[in-house]
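Dumped data.pdb below, it's PDB, N, CA and C atoms, pLDDT in the B column:
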MODEL        1
ATOM      1  N   MET A1059      88.882  92.138 101.464  1.00 71.00           N
ATOM      2  CA  MET A1059      90.040  92.960 101.777  1.00 71.00           C
ATOM      3  C   MET A1059      90.239  92.940 103.297  1.00 71.00           C
ATOM      4  N   THR A1060      91.460  92.689 103.709  1.00 92.00           N
ATOM      5  CA  THR A1060      91.753  92.684 105.139  1.00 92.00           C
ATOM      6  C   THR A1060      92.094  94.088 105.617  1.00 92.00           C
ATOM      7  N   LEU A1061      92.105  94.259 106.925  1.00 94.00           N
ATOM      8  CA  LEU A1061      92.467  95.558 107.492  1.00 94.00           C
ATOM      9  C   LEU A1061      93.862  95.961 107.048  1.00 94.00           C
ATOM     10  N   PHE A1062      94.798  95.015 107.015  1.00 92.00           N
ATOM     11  CA  PHE A1062      96.150  95.333 106.566  1.00 92.00           C
ATOM     12  C   PHE A1062      96.149  95.848 105.132  1.00 92.00           C
ATOM     13  N   ASP A1063      95.426  95.173 104.254  1.00 94.00           N
ATOM     14  CA  ASP A1063      95.363  95.607 102.851  1.00 94.00           C
ATOM     15  C   ASP A1063      94.850  97.036 102.744  1.00 94.00           C
ATOM     16  N   TRP A1064      93.804  97.338 103.497  1.00 96.00           N
ATOM     17  CA  TRP A1064      93.218  98.674 103.461  1.00 96.00           C
ATOM     18  C   TRP A1064      94.206  99.714 103.989  1.00 96.00           C
ATOM     19  N   LEU A1065      94.832  99.424 105.111  1.00 96.00           N
ATOM     20  CA  LEU A1065      95.803 100.367 105.679  1.00 96.00           C
ATOM     21  C   LEU A1065      96.985 100.570 104.748  1.00 96.00           C
ATOM     22  N   TYR A1066      97.453  99.503 104.126  1.00 95.00           N
ATOM     23  CA  TYR A1066      98.574  99.608 103.195  1.00 95.00           C
ATOM     24  C   TYR A1066      98.199 100.474 101.997  1.00 95.00           C
ATOM     25  N   LYS A1067      97.006 100.272 101.493  1.00 96.00           N
ATOM     26  CA  LYS A1067      96.544 101.026 100.327  1.00 96.00           C
ATOM     27  C   LYS A1067      96.444 102.522 100.626  1.00 96.00           C
ATOM     28  N   TYR A1068      95.996 102.871 101.815  1.00 98.00           N
ATOM     29  CA  TYR A1068      95.751 104.270 102.162  1.00 98.00           C
ATOM     30  C   TYR A1068      96.803 104.868 103.098  1.00 98.00           C
ATOM     31  N   ARG A1069      97.948 104.206 103.244  1.00 97.00           N
ATOM     32  CA  ARG A1069      98.963 104.652 104.197  1.00 97.00           C
ATOM     33  C   ARG A1069      99.467 106.062 103.913  1.00 97.00           C
ATOM     34  N   GLU A1070      99.646 106.413 102.650  1.00 98.00           N
ATOM     35  CA  GLU A1070     100.136 107.756 102.331  1.00 98.00           C
ATOM     36  C   GLU A1070      99.066 108.810 102.601  1.00 98.00           C
ATOM     37  N   LYS A1071      97.845 108.514 102.225  1.00 98.00           N
ATOM     38  CA  LYS A1071      96.745 109.453 102.461  1.00 98.00           C
ATOM     39  C   LYS A1071      96.521 109.657 103.959  1.00 98.00           C
ATOM     40  N   LEU A1072      96.652 108.587 104.731  1.00 97.00           N
ATOM     41  CA  LEU A1072      96.466 108.662 106.177  1.00 97.00           C
ATOM     42  C   LEU A1072      97.714 109.150 106.901  1.00 97.00           C
ATOM     43  N   GLU A1073      98.813 109.241 106.160  1.00 98.00           N
ATOM     44  CA  GLU A1073     100.105 109.658 106.712  1.00 98.00           C
ATOM     45  C   GLU A1073     100.504 108.781 107.903  1.00 98.00           C
ATOM     46  N   ILE A1074     100.517 107.476 107.652  1.00 98.00           N
ATOM     47  CA  ILE A1074     100.887 106.516 108.690  1.00 98.00           C
ATOM     48  C   ILE A1074     101.960 105.573 108.173  1.00 98.00           C
ATOM     49  N   GLU A1075     102.690 104.976 109.097  1.00 97.00           N
ATOM     50  CA  GLU A1075     103.623 103.898 108.785  1.00 97.00           C
ATOM     51  C   GLU A1075     103.014 102.615 109.326  1.00 97.00           C
ATOM     52  N   ILE A1076     103.252 101.522 108.629  1.00 94.00           N
ATOM     53  CA  ILE A1076     102.682 100.242 109.032  1.00 94.00           C
ATOM     54  C   ILE A1076     103.809  99.275 109.380  1.00 94.00           C
ATOM     55  N   PHE A1077     103.670  98.622 110.505  1.00 91.00           N
ATOM     56  CA  PHE A1077     104.617  97.606 110.941  1.00 91.00           C
ATOM     57  C   PHE A1077     103.842  96.339 111.261  1.00 91.00           C
ATOM     58  N   LEU A1078     104.395  95.202 110.889  1.00 84.00           N
ATOM     59  CA  LEU A1078     103.763  93.921 111.176  1.00 84.00           C
ATOM     60  C   LEU A1078     104.644  93.110 112.109  1.00 84.00           C
ATOM     61  N   ALA A1079     104.002  92.288 112.904  1.00 85.00           N
ATOM     62  CA  ALA A1079     104.734  91.395 113.798  1.00 85.00           C
ATOM     63  C   ALA A1079     104.021  90.043 113.822  1.00 85.00           C
ATOM     64  N   HIS A1080     104.803  89.000 114.003  1.00 81.00           N
ATOM     65  CA  HIS A1080     104.248  87.655 114.128  1.00 81.00           C
ATOM     66  C   HIS A1080     104.854  87.029 115.368  1.00 81.00           C
ATOM     67  N   ILE A1081     104.011  86.467 116.210  1.00 87.00           N
ATOM     68  CA  ILE A1081     104.478  85.795 117.423  1.00 87.00           C
ATOM     69  C   ILE A1081     104.002  84.351 117.373  1.00 87.00           C
ATOM     70  N   ASN A1082     104.949  83.434 117.415  1.00 89.00           N
ATOM     71  CA  ASN A1082     104.620  82.012 117.411  1.00 89.00           C
ATOM     72  C   ASN A1082     104.510  81.552 118.860  1.00 89.00           C
ATOM     73  N   HIS A1083     103.278  81.364 119.313  1.00 90.00           N
ATOM     74  CA  HIS A1083     103.052  80.890 120.677  1.00 90.00           C
ATOM     75  C   HIS A1083     103.168  79.370 120.767  1.00 90.00           C
ATOM     76  N   GLY A1084     103.225  78.697 119.610  1.00 88.00           N
ATOM     77  CA  GLY A1084     103.366  77.249 119.585  1.00 88.00           C
ATOM     78  C   GLY A1084     102.149  76.505 120.102  1.00 88.00           C
ATOM     79  N   VAL A1085     100.995  77.135 120.081  1.00 92.00           N
ATOM     80  CA  VAL A1085      99.786  76.521 120.607  1.00 92.00           C
ATOM     81  C   VAL A1085      99.240  75.456 119.657  1.00 92.00           C
ATOM     82  N   ARG A1086      99.324  75.722 118.361  1.00 92.00           N
ATOM     83  CA  ARG A1086      98.798  74.780 117.375  1.00 92.00           C
ATOM     84  C   ARG A1086      99.949  74.050 116.705  1.00 92.00           C
ATOM     85  N   LYS A1087      99.676  72.853 116.221  1.00 89.00           N
ATOM     86  CA  LYS A1087     100.737  72.082 115.582  1.00 89.00           C
ATOM     87  C   LYS A1087     101.215  72.738 114.291  1.00 89.00           C
ATOM     88  N   GLU A1088     100.370  73.580 113.672  1.00 91.00           N
ATOM     89  CA  GLU A1088     100.731  74.261 112.427  1.00 91.00           C
ATOM     90  C   GLU A1088     101.593  75.498 112.654  1.00 91.00           C
ATOM     91  N   SER A1089     101.770  75.902 113.891  1.00 90.00           N
ATOM     92  CA  SER A1089     102.457  77.160 114.207  1.00 90.00           C
ATOM     93  C   SER A1089     103.861  77.249 113.621  1.00 90.00           C
ATOM     94  N   ASP A1090     104.646  76.200 113.749  1.00 91.00           N
ATOM     95  CA  ASP A1090     106.020  76.229 113.233  1.00 91.00           C
ATOM     96  C   ASP A1090     106.036  76.358 111.711  1.00 91.00           C
ATOM     97  N   PHE A1091     105.153  75.621 111.037  1.00 91.00           N
ATOM     98  CA  PHE A1091     105.069  75.707 109.579  1.00 91.00           C
ATOM     99  C   PHE A1091     104.678  77.115 109.146  1.00 91.00           C
ATOM    100  N   GLU A1092     103.676  77.690 109.782  1.00 88.00           N
ATOM    101  CA  GLU A1092     103.221  79.035 109.429  1.00 88.00           C
ATOM    102  C   GLU A1092     104.314  80.072 109.666  1.00 88.00           C
ATOM    103  N   GLU A1093     105.058  79.911 110.736  1.00 87.00           N
ATOM    104  CA  GLU A1093     106.152  80.838 111.020  1.00 87.00           C
ATOM    105  C   GLU A1093     107.198  80.795 109.906  1.00 87.00           C
ATOM    106  N   GLU A1094     107.547  79.604 109.459  1.00 88.00           N
ATOM    107  CA  GLU A1094     108.530  79.475 108.383  1.00 88.00           C
ATOM    108  C   GLU A1094     108.007  80.074 107.077  1.00 88.00           C
ATOM    109  N   GLU A1095     106.733  79.899 106.798  1.00 88.00           N
ATOM    110  CA  GLU A1095     106.141  80.466 105.582  1.00 88.00           C
ATOM    111  C   GLU A1095     106.175  81.990 105.618  1.00 88.00           C
ATOM    112  N   LEU A1096     105.955  82.577 106.763  1.00 82.00           N
ATOM    113  CA  LEU A1096     105.956  84.035 106.885  1.00 82.00           C
ATOM    114  C   LEU A1096     107.349  84.630 106.729  1.00 82.00           C
ATOM    115  N   LYS A1097     108.372  83.838 106.972  1.00 83.00           N
ATOM    116  CA  LYS A1097     109.748  84.333 106.820  1.00 83.00           C
ATOM    117  C   LYS A1097     110.133  84.504 105.356  1.00 83.00           C
ATOM    118  N   LYS A1098     109.407  83.845 104.464  1.00 78.00           N
ATOM    119  CA  LYS A1098     109.738  83.887 103.027  1.00 78.00           C
ATOM    120  C   LYS A1098     109.395  85.218 102.417  1.00 78.00           C
TER     121      LYS A1098
ENDMDL
END
Take the structure I supplied and represent it as structure tokens, if you would.
Amino acid sequence: MTLFDWLYKYREKLEIEIFLAHINHGVRKESDFEEEELKK
């Protein structure tokens, strides 16, 4: 279980809102592909 999964599961109990962000720094050749996959 990732930290995001845990926070999402307990967000109501913890009374928090969760926001995600992705920044493509273009450092790796896979960066553009991963960015497109995350948009889906």
Could you state the separation of atom CA of A:Phe1077 and atom CA of A:Asp1063 in Å, given to one decimal place?
12.5 Å
Run DSSP on the backbone and grab whatever in chain A lands in alpha helix (DSSP H); send it over as a list in words.
Leu1061, Phe1062, Asp1063, Trp1064, Leu1065, Tyr1066, Lys1067, Arg1069, Glu1070, Lys1071, Leu1072, Ser1089, Asp1090, Phe1091, Glu1092, Glu1093, Glu1094, Glu1095, Leu1096 and Lys1097 of chain A
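Across the model, the gap from atom CA of A:Glu1094 to atom CA of A:Tyr1068 is 28.6 Å.
Note that the spacing between atom CA of A:Ile1074 and atom CA of A:Glu1092 amounts to 27.6 Å.
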Exercise: A:Asn1082 partners within 7 Å, all atoms listed in the file, chain neighbours under 4 positions left out, as a PyMOL selection string
chain A and resi 1089-1090+1093
Centre, edges in Å (one decimal): axis-aligned box, stretch 1059-1076 of chain A, 6 Å padding on all six sides, as JSON:
{"center_x": 96.3, "center_y": 100.9, "center_z": 104.9, "size_x": 26.9, "size_y": 29.5, "size_z": 21.1}
Env of A:Leu1065: 8 Å cut, atoms = all atoms listed in the file, seq-sep filter 5 positions within chain, self excluded. Answer as a PDB file with N, CA and C atoms, in the coordinates of the input.
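File written: out.pdb
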ATOM      1  N   THR A1060      91.460  92.689 103.709  1.00 92.00           N
ATOM      2  CA  THR A1060      91.753  92.684 105.139  1.00 92.00           C
ATOM      3  C   THR A1060      92.094  94.088 105.617  1.00 92.00           C
ATOM      4  N   GLU A1070      99.646 106.413 102.650  1.00 98.00           N
ATOM      5  CA  GLU A1070     100.136 107.756 102.331  1.00 98.00           C
ATOM      6  C   GLU A1070      99.066 108.810 102.601  1.00 98.00           C
ATOM      7  N   ILE A1074     100.517 107.476 107.652  1.00 98.00           N
ATOM      8  CA  ILE A1074     100.887 106.516 108.690  1.00 98.00           C
ATOM      9  C   ILE A1074     101.960 105.573 108.173  1.00 98.00           C
ATOM     10  N   GLU A1075     102.690 104.976 109.097  1.00 97.00           N
ATOM     11  CA  GLU A1075     103.623 103.898 108.785  1.00 97.00           C
ATOM     12  C   GLU A1075     103.014 102.615 109.326  1.00 97.00           C
ATOM     13  N   ILE A1076     103.252 101.522 108.629  1.00 94.00           N
ATOM     14  CA  ILE A1076     102.682 100.242 109.032  1.00 94.00           C
ATOM     15  C   ILE A1076     103.809  99.275 109.380  1.00 94.00           C
TER      16      ILE A1076
END
